[in-house]
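Engineer: One file: upload28.tsv (TSV, C-alpha atoms and all ligand atoms).
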chain	number	residue	atom	x	y	z
A	287	MET	CA	0.00	0.00	0.00
A	288	ASN	CA	1.20	3.48	-0.81
A	289	VAL	CA	0.98	5.12	2.58
A	290	ASP	CA	1.31	8.56	0.97
A	291	LYS	CA	-2.24	8.07	-0.24
A	292	VAL	CA	-3.62	7.74	3.26
A	293	ASP	CA	-4.80	11.16	4.34
A	294	GLU	CA	-2.15	11.72	6.97
A	295	VAL	CA	-2.80	8.34	8.54
A	296	ASP	CA	0.88	7.58	8.22
A	297	ASN	CA	1.53	10.69	10.29
A	298	ALA	CA	-0.59	9.45	13.17
A	299	ASP	CA	1.28	9.25	16.42
A	300	GLU	CA	2.15	5.60	16.73
A	301	SER	CA	2.26	5.91	20.48
A	302	ASN	CA	-1.48	6.50	20.21
A	303	VAL	CA	-1.87	3.63	17.79
A	304	ASP	CA	-0.29	1.39	20.39
A	305	GLY	CA	-3.08	2.21	22.83
A	306	ASN	CA	-6.40	0.57	23.63
A	307	ASN	CA	-7.86	1.18	20.22
A	308	ALA	CA	-5.16	-0.58	18.24
A	309	GLU	CA	-5.71	-4.10	16.96
A	310	GLU	CA	-2.58	-5.27	18.69
A	311	GLY	CA	0.01	-3.45	20.69
A	312	ASN	CA	2.47	-3.10	17.87
A	313	MET	CA	0.14	-2.57	14.90
A	314	THR	CA	0.78	0.51	12.84
A	315	ALA	CA	-1.86	2.81	11.39
A	316	GLU	CA	-0.94	1.56	7.94
A	317	LYS	CA	-1.55	-2.04	9.00
A	318	ILE	CA	-4.95	-1.23	10.52
A	319	ILE	CA	-6.06	0.55	7.34
A	320	GLU	CA	-4.89	-2.46	5.33
A	321	GLN	CA	-6.98	-4.68	7.61
A	322	ALA	CA	-10.01	-2.41	7.14
A	323	ILE	CA	-9.61	-2.65	3.36
A	324	TRP	CA	-9.42	-6.43	3.64
A	325	ALA	CA	-12.55	-6.60	5.86
A	326	ALA	CA	-14.53	-4.39	3.48
A	327	ARG	CA	-13.50	-6.49	0.50
A	328	SER	CA	-14.44	-9.64	2.40
A	329	PHE	CA	-17.98	-8.37	3.01
A	330	TYR	CA	-18.30	-7.28	-0.62
A	331	ASP	CA	-16.92	-10.46	-2.17
A	332	ARG	CA	-19.36	-12.61	-0.20
A	333	GLY	CA	-22.38	-10.51	-1.11
A	334	LYS	CA	-22.84	-9.08	2.40
A	335	THR	CA	-22.82	-5.59	1.00
A	336	SER	CA	-23.09	-4.14	-2.47
A	337	GLY	CA	-22.74	-0.88	-4.35
A	338	SER	CA	-21.62	2.05	-2.26
A	339	SER	CA	-23.98	1.73	0.69
A	340	ALA	CA	-21.59	0.51	3.41
A	341	ASN	CA	-19.18	2.47	5.56
A	342	LEU	CA	-16.60	1.72	8.23
A	343	SER	CA	-14.23	3.62	10.45
A	344	VAL	CA	-11.31	3.03	12.78
A	345	ARG	CA	-10.11	5.16	15.68
A	346	LEU	CA	-6.41	5.87	15.82
A	347	GLY	CA	-5.44	7.86	18.88
A	348	GLU	CA	-7.48	11.07	18.90
A	349	ASP	CA	-8.58	10.76	15.28
A	350	ILE	CA	-11.10	8.69	13.36
A	351	TYR	CA	-10.61	7.50	9.81
A	352	ILE	CA	-13.87	6.81	7.96
A	353	THR	CA	-14.55	5.73	4.41
A	354	VAL	CA	-15.21	8.50	1.93
A	355	THR	CA	-18.78	9.09	0.81
A	356	GLY	CA	-19.83	6.95	-2.13
A	357	SER	CA	-16.95	4.50	-1.78
A	358	CYS	CA	-17.40	0.85	-2.66
A	359	PHE	CA	-16.31	-1.90	-0.26
A	360	GLY	CA	-15.16	-3.95	-3.24
A	361	CYS	CA	-12.36	-1.59	-4.24
A	362	LEU	CA	-11.31	0.54	-1.27
A	363	SER	CA	-7.80	1.95	-1.13
A	364	ALA	CA	-6.01	3.89	1.56
A	365	ALA	CA	-7.00	7.09	-0.25
A	366	ASP	CA	-10.66	6.31	0.50
A	367	PHE	CA	-10.28	7.06	4.22
A	368	VAL	CA	-11.07	10.56	5.49
A	369	ARG	CA	-9.44	11.81	8.67
A	370	ILE	CA	-11.86	13.16	11.27
A	371	SER	CA	-10.41	15.29	14.04
A	372	ARG	CA	-12.58	16.44	16.97
A	373	GLY	CA	-15.69	15.28	15.14
A	374	SER	CA	-15.06	17.14	11.88
A	375	PRO	CA	-13.23	16.31	8.64
A	376	VAL	CA	-9.73	17.77	8.48
A	377	PRO	CA	-9.81	20.68	5.96
A	378	GLY	CA	-8.70	19.65	2.51
A	379	HIS	CA	-9.76	16.06	2.94
A	380	LYS	CA	-12.47	14.34	0.94
A	381	LYS	CA	-16.08	14.21	2.05
A	382	PRO	CA	-16.72	11.50	4.66
A	383	SER	CA	-19.61	9.03	4.64
A	384	ARG	CA	-22.86	10.81	5.44
A	385	GLU	CA	-23.37	8.29	8.24
A	386	LEU	CA	-20.40	9.72	10.17
A	387	PRO	CA	-22.65	10.92	13.08
A	388	LEU	CA	-23.67	7.28	13.73
A	389	HIS	CA	-20.00	6.34	14.07
A	390	LEU	CA	-19.28	9.32	16.32
A	391	ALA	CA	-22.18	8.36	18.59
A	392	LEU	CA	-20.69	4.90	19.16
A	393	TYR	CA	-17.17	6.25	19.77
A	394	GLY	CA	-18.62	8.84	22.12
A	395	ARG	CA	-20.44	6.20	24.13
A	396	ASP	CA	-17.43	3.94	24.59
A	397	GLU	CA	-13.92	5.32	24.76
A	398	THR	CA	-12.52	1.82	24.22
A	399	ALA	CA	-14.28	1.40	20.86
A	400	GLY	CA	-11.73	1.18	18.07
A	401	ALA	CA	-13.85	0.51	15.00
A	402	VAL	CA	-17.42	0.83	13.65
A	403	ILE	CA	-18.93	-1.04	10.70
A	404	HIS	CA	-22.25	-0.39	8.95
A	405	ILE	CA	-23.46	-2.54	6.05
A	406	HIS	CA	-26.79	-3.48	4.46
A	407	SER	CA	-26.41	-7.25	4.74
A	408	THR	CA	-29.49	-9.10	3.55
A	409	TYR	CA	-30.67	-11.04	6.60
A	410	ALA	CA	-30.03	-8.36	9.20
A	411	THR	CA	-31.86	-5.92	6.94
A	412	LEU	CA	-34.75	-8.35	6.49
A	413	TRP	CA	-34.93	-8.71	10.27
A	414	SER	CA	-34.90	-4.93	10.67
A	415	CYS	CA	-38.16	-4.78	8.69
A	416	LEU	CA	-40.09	-6.96	11.15
A	417	PRO	CA	-41.88	-5.68	14.27
A	418	HIS	CA	-40.25	-6.79	17.52
A	419	PRO	CA	-41.84	-6.98	20.97
A	420	ASP	CA	-38.69	-5.84	22.79
A	421	GLU	CA	-36.89	-3.07	20.91
A	422	ASP	CA	-33.92	-3.42	23.29
A	423	ASP	CA	-33.38	-7.04	22.30
A	424	VAL	CA	-34.57	-7.77	18.79
A	425	LEU	CA	-32.49	-10.78	17.74
A	426	PRO	CA	-33.35	-14.15	19.30
A	427	SER	CA	-30.52	-16.33	20.53
A	428	CYS	CA	-31.19	-19.57	18.70
A	429	THR	CA	-27.56	-20.60	19.26
A	430	PRO	CA	-25.16	-19.49	22.02
A	431	HIS	CA	-22.93	-17.60	19.60
A	432	LEU	CA	-24.81	-14.30	19.38
A	433	ARG	CA	-24.80	-13.72	23.12
A	434	ALA	CA	-21.22	-14.91	23.45
A	435	LYS	CA	-19.86	-12.64	20.78
A	436	LEU	CA	-22.19	-9.70	20.63
A	437	GLY	CA	-24.68	-9.65	23.49
A	438	ARG	CA	-27.93	-7.87	22.77
A	439	VAL	CA	-28.93	-6.15	19.55
A	440	ALA	CA	-31.29	-3.17	19.83
A	441	SER	CA	-33.54	-1.55	17.26
A	442	VAL	CA	-33.41	2.12	16.22
A	443	PRO	CA	-36.60	3.81	14.95
A	444	TYR	CA	-36.73	4.48	11.22
A	445	ALA	CA	-35.68	7.79	9.78
A	446	GLU	CA	-34.30	8.62	6.37
A	447	PRO	CA	-30.65	7.57	5.93
A	448	GLY	CA	-28.26	10.46	6.48
A	449	SER	CA	-30.96	12.60	8.14
A	450	GLU	CA	-30.72	14.53	11.39
A	451	GLU	CA	-33.80	12.59	12.50
A	452	LEU	CA	-31.91	9.31	12.19
A	453	PHE	CA	-28.85	10.69	13.98
A	454	ALA	CA	-31.00	12.00	16.84
A	455	ALA	CA	-32.87	8.70	17.15
A	456	PHE	CA	-29.58	6.81	17.14
A	457	ARG	CA	-27.96	9.04	19.76
A	458	ALA	CA	-31.02	8.66	21.98
A	459	ARG	CA	-30.86	4.88	21.62
A	460	VAL	CA	-27.12	4.65	22.22
A	461	GLY	CA	-27.25	6.92	25.24
A	462	GLY	CA	-30.44	5.69	26.84
A	463	GLN	CA	-30.00	2.06	27.67
A	464	ASN	CA	-29.95	2.37	31.47
A	465	GLY	CA	-27.04	0.04	31.89
A	466	ARG	CA	-28.34	-2.49	29.38
A	467	GLU	CA	-25.80	-1.64	26.73
A	468	PRO	CA	-26.35	-3.44	23.44
A	469	ASN	CA	-23.32	-4.09	21.27
A	470	GLY	CA	-25.14	-4.00	17.98
A	471	TYR	CA	-28.02	-2.05	16.47
A	472	LEU	CA	-30.52	-2.63	13.72
A	473	LEU	CA	-31.59	0.58	12.03
A	474	ARG	CA	-35.21	-0.17	11.22
A	475	ASN	CA	-35.90	-0.89	7.55
A	476	HIS	CA	-32.26	-0.07	6.84
A	477	GLY	CA	-29.51	-2.33	8.23
A	478	PRO	CA	-27.06	-3.22	11.03
A	479	ILE	CA	-24.28	-1.22	12.70
A	480	VAL	CA	-21.77	-2.50	15.26
A	481	ALA	CA	-18.79	-1.19	17.19
A	482	GLY	CA	-15.80	-3.22	18.36
A	483	LYS	CA	-12.68	-2.77	20.44
A	484	THR	CA	-10.68	-3.37	17.29
A	485	LEU	CA	-11.38	-3.57	13.59
A	486	MET	CA	-11.40	-7.36	13.67
A	487	ASP	CA	-13.61	-7.37	16.77
A	488	ALA	CA	-16.18	-5.25	14.90
A	489	TYR	CA	-15.79	-7.48	11.83
A	490	PHE	CA	-16.49	-10.65	13.81
A	491	SER	CA	-19.43	-9.02	15.58
A	492	MET	CA	-20.99	-8.02	12.27
A	493	GLU	CA	-20.46	-11.55	10.96
A	494	GLU	CA	-22.20	-12.97	14.03
A	495	LEU	CA	-25.07	-10.48	13.82
A	496	GLU	CA	-25.72	-11.34	10.18
A	497	ASP	CA	-25.49	-15.10	10.84
A	498	ALA	CA	-27.88	-14.80	13.81
A	499	ALA	CA	-30.31	-12.81	11.68
A	500	LYS	CA	-30.13	-15.43	8.94
A	501	ILE	CA	-30.87	-18.23	11.41
A	502	ALA	CA	-33.69	-16.21	12.98
A	503	TRP	CA	-35.18	-15.45	9.57
A	504	LEU	CA	-35.05	-19.08	8.41
A	505	LEU	CA	-36.64	-20.22	11.68
A	506	LYS	CA	-39.25	-17.48	11.99
A	507	ASP	CA	-42.07	-19.69	10.72
A	508	PHE	CA	-41.29	-22.38	13.29
A	509	PRO	CA	-42.94	-21.11	16.49
A	510	ASP	CA	-41.71	-24.11	18.46
A	511	ARG	CA	-38.08	-23.29	17.84
A	512	GLU	CA	-35.97	-23.23	20.96
A	513	LYS	CA	-34.49	-19.94	22.05
A	514	LEU	CA	-31.68	-19.70	24.55
B	601	ZN	ZN	-26.94	2.56	5.56
Rewrite the structure of this file - the entire thing - as structure tokens.
Ligand SMILES: [Zn+2]
Structural biologist:
Amino acid sequence: MNVDKVDEVDNADESNVDGNNAEEGNMTAEKIIEQAIWAARSFYDRGKTSGSSANLSVRLGEDIYITVTGSCFGCLSAADFVRISRGSPVPGHKKPSRELPLHLALYGRDETAGAVIHIHSTYATLWSCLPHPDEDDVLPSCTPHLRAKLGRVASVPYAEPGSEELFAAFRARVGGQNGREPNGYLLRNHGPIVAGKTLMDAYFSMEELEDAAKIAWLLKDFPDREKL
């Protein structure tokens, strides 16, 4: 990877990168961006996202690097990451994903969060279109894996993607759980979003959320199914 193409990511203070938000103690910013590109391509190649609808970010020290608006997970490069400092794009950088406020809400809630991923994977999106009796816990645990990896998944009321209404609804949901913190969210009639301590942690959580939604969807017409 040509690190000169990363918007200043190669200038990030590596002492920060070695902190809680790094994948591993000795991972460099360049390596984490490479991993993010790999994760995005993995989702795209397996049909878990398409077009330019997905976005992801990583936190490196004080800064966040998020995919540029309109980027495609199938062909990201280091140049497709926009540096966000103190909540705003660094002047001269490209335009970040319009879903940036969702990412900032999750980083603001948990100072140990190191990455956020949002995709429109099919089964989680299908599940987001169903009514759920408990909006704080919308995905049934048909296997032990969802709870083990991700914990609860909460629903966020529908609002138009990229709108202030959606951002406000999301911030209210993220900040108002009364100690029952979910680790994943389903934006109603839209798709899933997760945070993780590291990029790979968020990647595995999204994988588990989508798998759990697929199992739940395939079992939804079997009322006698066992739930854990
Ligand atoms: Zn979306």
Engineer: Nearest to ligand ZN 601 (chain B): which of A:His406, A:Arg438, A:Lys506, A:Arg369 is it, counting all atoms listed in the file?
Structural biologist: A:His406
Engineer: Give me, as a VMD selection string, the set of residues whose atoms come within 8 Å of any atom of ligand ZN 601 (chain B), counting all atoms listed in the file.
Structural biologist: chain A and resid 339 to 341 385 404 to 406 447 476 to 478
Engineer: Could you make a table, as a tab-separated table, of the residues of region 405-488 of chain A that have an atom within 12 Å of an atom of region 315-325 of chain A, each with its nearest atom pair and distance in Å to one decimal, counting all atoms listed in the file, in chain and number order?
Structural biologist:
residue	atom	partner	partner_atom	distance
A:Ile405	CA	A:Ala325	CA	11.6
A:Thr484	CA	A:Ile318	CA	9.1
A:Leu485	CA	A:Ala322	CA	6.7
A:Met486	CA	A:Ala325	CA	7.9
A:Asp487	CA	A:Ala325	CA	11.0
A:Ala488	CA	A:Ala325	CA	9.8
Engineer: If we draw a sphere of 12 Å around (-38.2, -9.7, 21.5), which residues have at least one atom in it when counting only C-alpha atoms? Please report them as number ranges by chain.
Structural biologist: A: 413, 416-427, 438-441, 502, 513
Engineer: Would you please work out which residue, of A:Lys334, A:Arg372, A:Lys500, A:Arg459, is nearest to Arg395 (chain A) when using only C-alpha atoms?
Structural biologist: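 Smallest distance to Arg395 (chain A) is found for A:Arg459.
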Engineer: Residues proximal to (-13.0, 11.9, -0.6) were defined as those with any atom within 6 Å of that point in the file's coordinates, counting only C-alpha atoms. Which are they, as an NGL selection string?
Structural biologist: :A and (354 or 380-381)
Engineer: With 8 Å on each side, where is the centre of the axis-aligned box around all listed atoms of region 425-433 of chain A, and how long are its edges in Å to one decimal, as AutoDock Vina command-line options?
Structural biologist:
--center_x -28.1 --center_y -15.7 --center_z 20.4 --size_x 26.4 --size_y 25.8 --size_z 21.4
Engineer: So that I can check the surroundings of Gly482 (chain A), please list as a ChimeraX atom specification every protein, DNA and RNA residue that reaches within 8 Å of it, counting all atoms listed in the file and ignoring chain neighbours fewer than 6 positions away.
Structural biologist: /A:399-402,488-489,491
Engineer: Any idea what the distance is between CA of His431 (chain A) and CA of Ala498 (chain A)?
Structural biologist: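 Between CA of His431 (chain A) and CA of Ala498 (chain A) the gap works out to 8.1 Å.
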Engineer: Could you tell me how far CA of Pro468 (chain A) sits from CA of Asp510 (chain A), in Å to one decimal place?
Structural biologist: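 A separation of 26.2 Å between them.
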Engineer: Taking 6 positions as the minimum chain separation for residues in the same chain, which residues sit within 10 Å of region 443-446 of chain A when counting all atoms listed in the file? Answer as a PyMOL selection string.
Structural biologist: chain A and resi 414-415+421+452-456+459+472-476
Engineer: Please produce a file of the residues just selected, as a short mmCIF file (atom, residue, chain, number, x, y, z; two decimals), keeping the file's coordinate frame, where the atoms kept are C-alpha atoms.
Structural biologist:
data_model
loop_
_atom_site.label_atom_id
_atom_site.label_comp_id
_atom_site.auth_asym_id
_atom_site.auth_seq_id
_atom_site.Cartn_x
_atom_site.Cartn_y
_atom_site.Cartn_z
CA SER A 414 -34.90 -4.93 10.67
CA CYS A 415 -38.16 -4.78 8.69
CA GLU A 421 -36.89 -3.07 20.91
CA LEU A 452 -31.91 9.31 12.19
CA PHE A 453 -28.85 10.69 13.98
CA ALA A 454 -31.00 12.00 16.84
CA ALA A 455 -32.87 8.70 17.15
CA PHE A 456 -29.58 6.81 17.14
CA ARG A 459 -30.86 4.88 21.62
CA LEU A 472 -30.52 -2.63 13.72
CA LEU A 473 -31.59 0.58 12.03
CA ARG A 474 -35.21 -0.17 11.22
CA ASN A 475 -35.90 -0.89 7.55
CA HIS A 476 -32.26 -0.07 6.84
#
Engineer: Determine the nearest neighbour of Val480 (chain A) from the options A:Tyr393, A:Phe508, A:Ala458, A:Gly448, counting all atoms listed in the file.
Structural biologist: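 Nearest candidate to Val480 (chain A) out of A:Tyr393, A:Phe508, A:Ala458, A:Gly448: A:Tyr393.
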Engineer: Which residue gives the smallest distance to Ser343 (chain A) among A:Gly360, A:Leu392, A:Ile403, A:Thr314, with all atoms listed in the file counted?
Structural biologist: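 For Ser343 (chain A), the nearest of the candidates is A:Ile403.
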Engineer: In Å to one decimal, how far is CA of Arg433 (chain A) from CA of Ile352 (chain A)?
Structural biologist: 27.8 Å
Engineer: Taking all atoms listed in the file into account, name the residue in A:Pro382, A:Gly437, A:Pro375, A:Gly333 that is nearest to Thr408 (chain A).
Structural biologist: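 Among the listed residues, the smallest separation from Thr408 (chain A) belongs to A:Gly333.
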Engineer: Measuring between all atoms listed in the file, which one of A:Thr355, A:Ala481, A:Val460, A:Pro430 shows the shortest distance to Val442 (chain A)?
Structural biologist: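 The answer is A:Val460, which sits nearest to Val442 (chain A).
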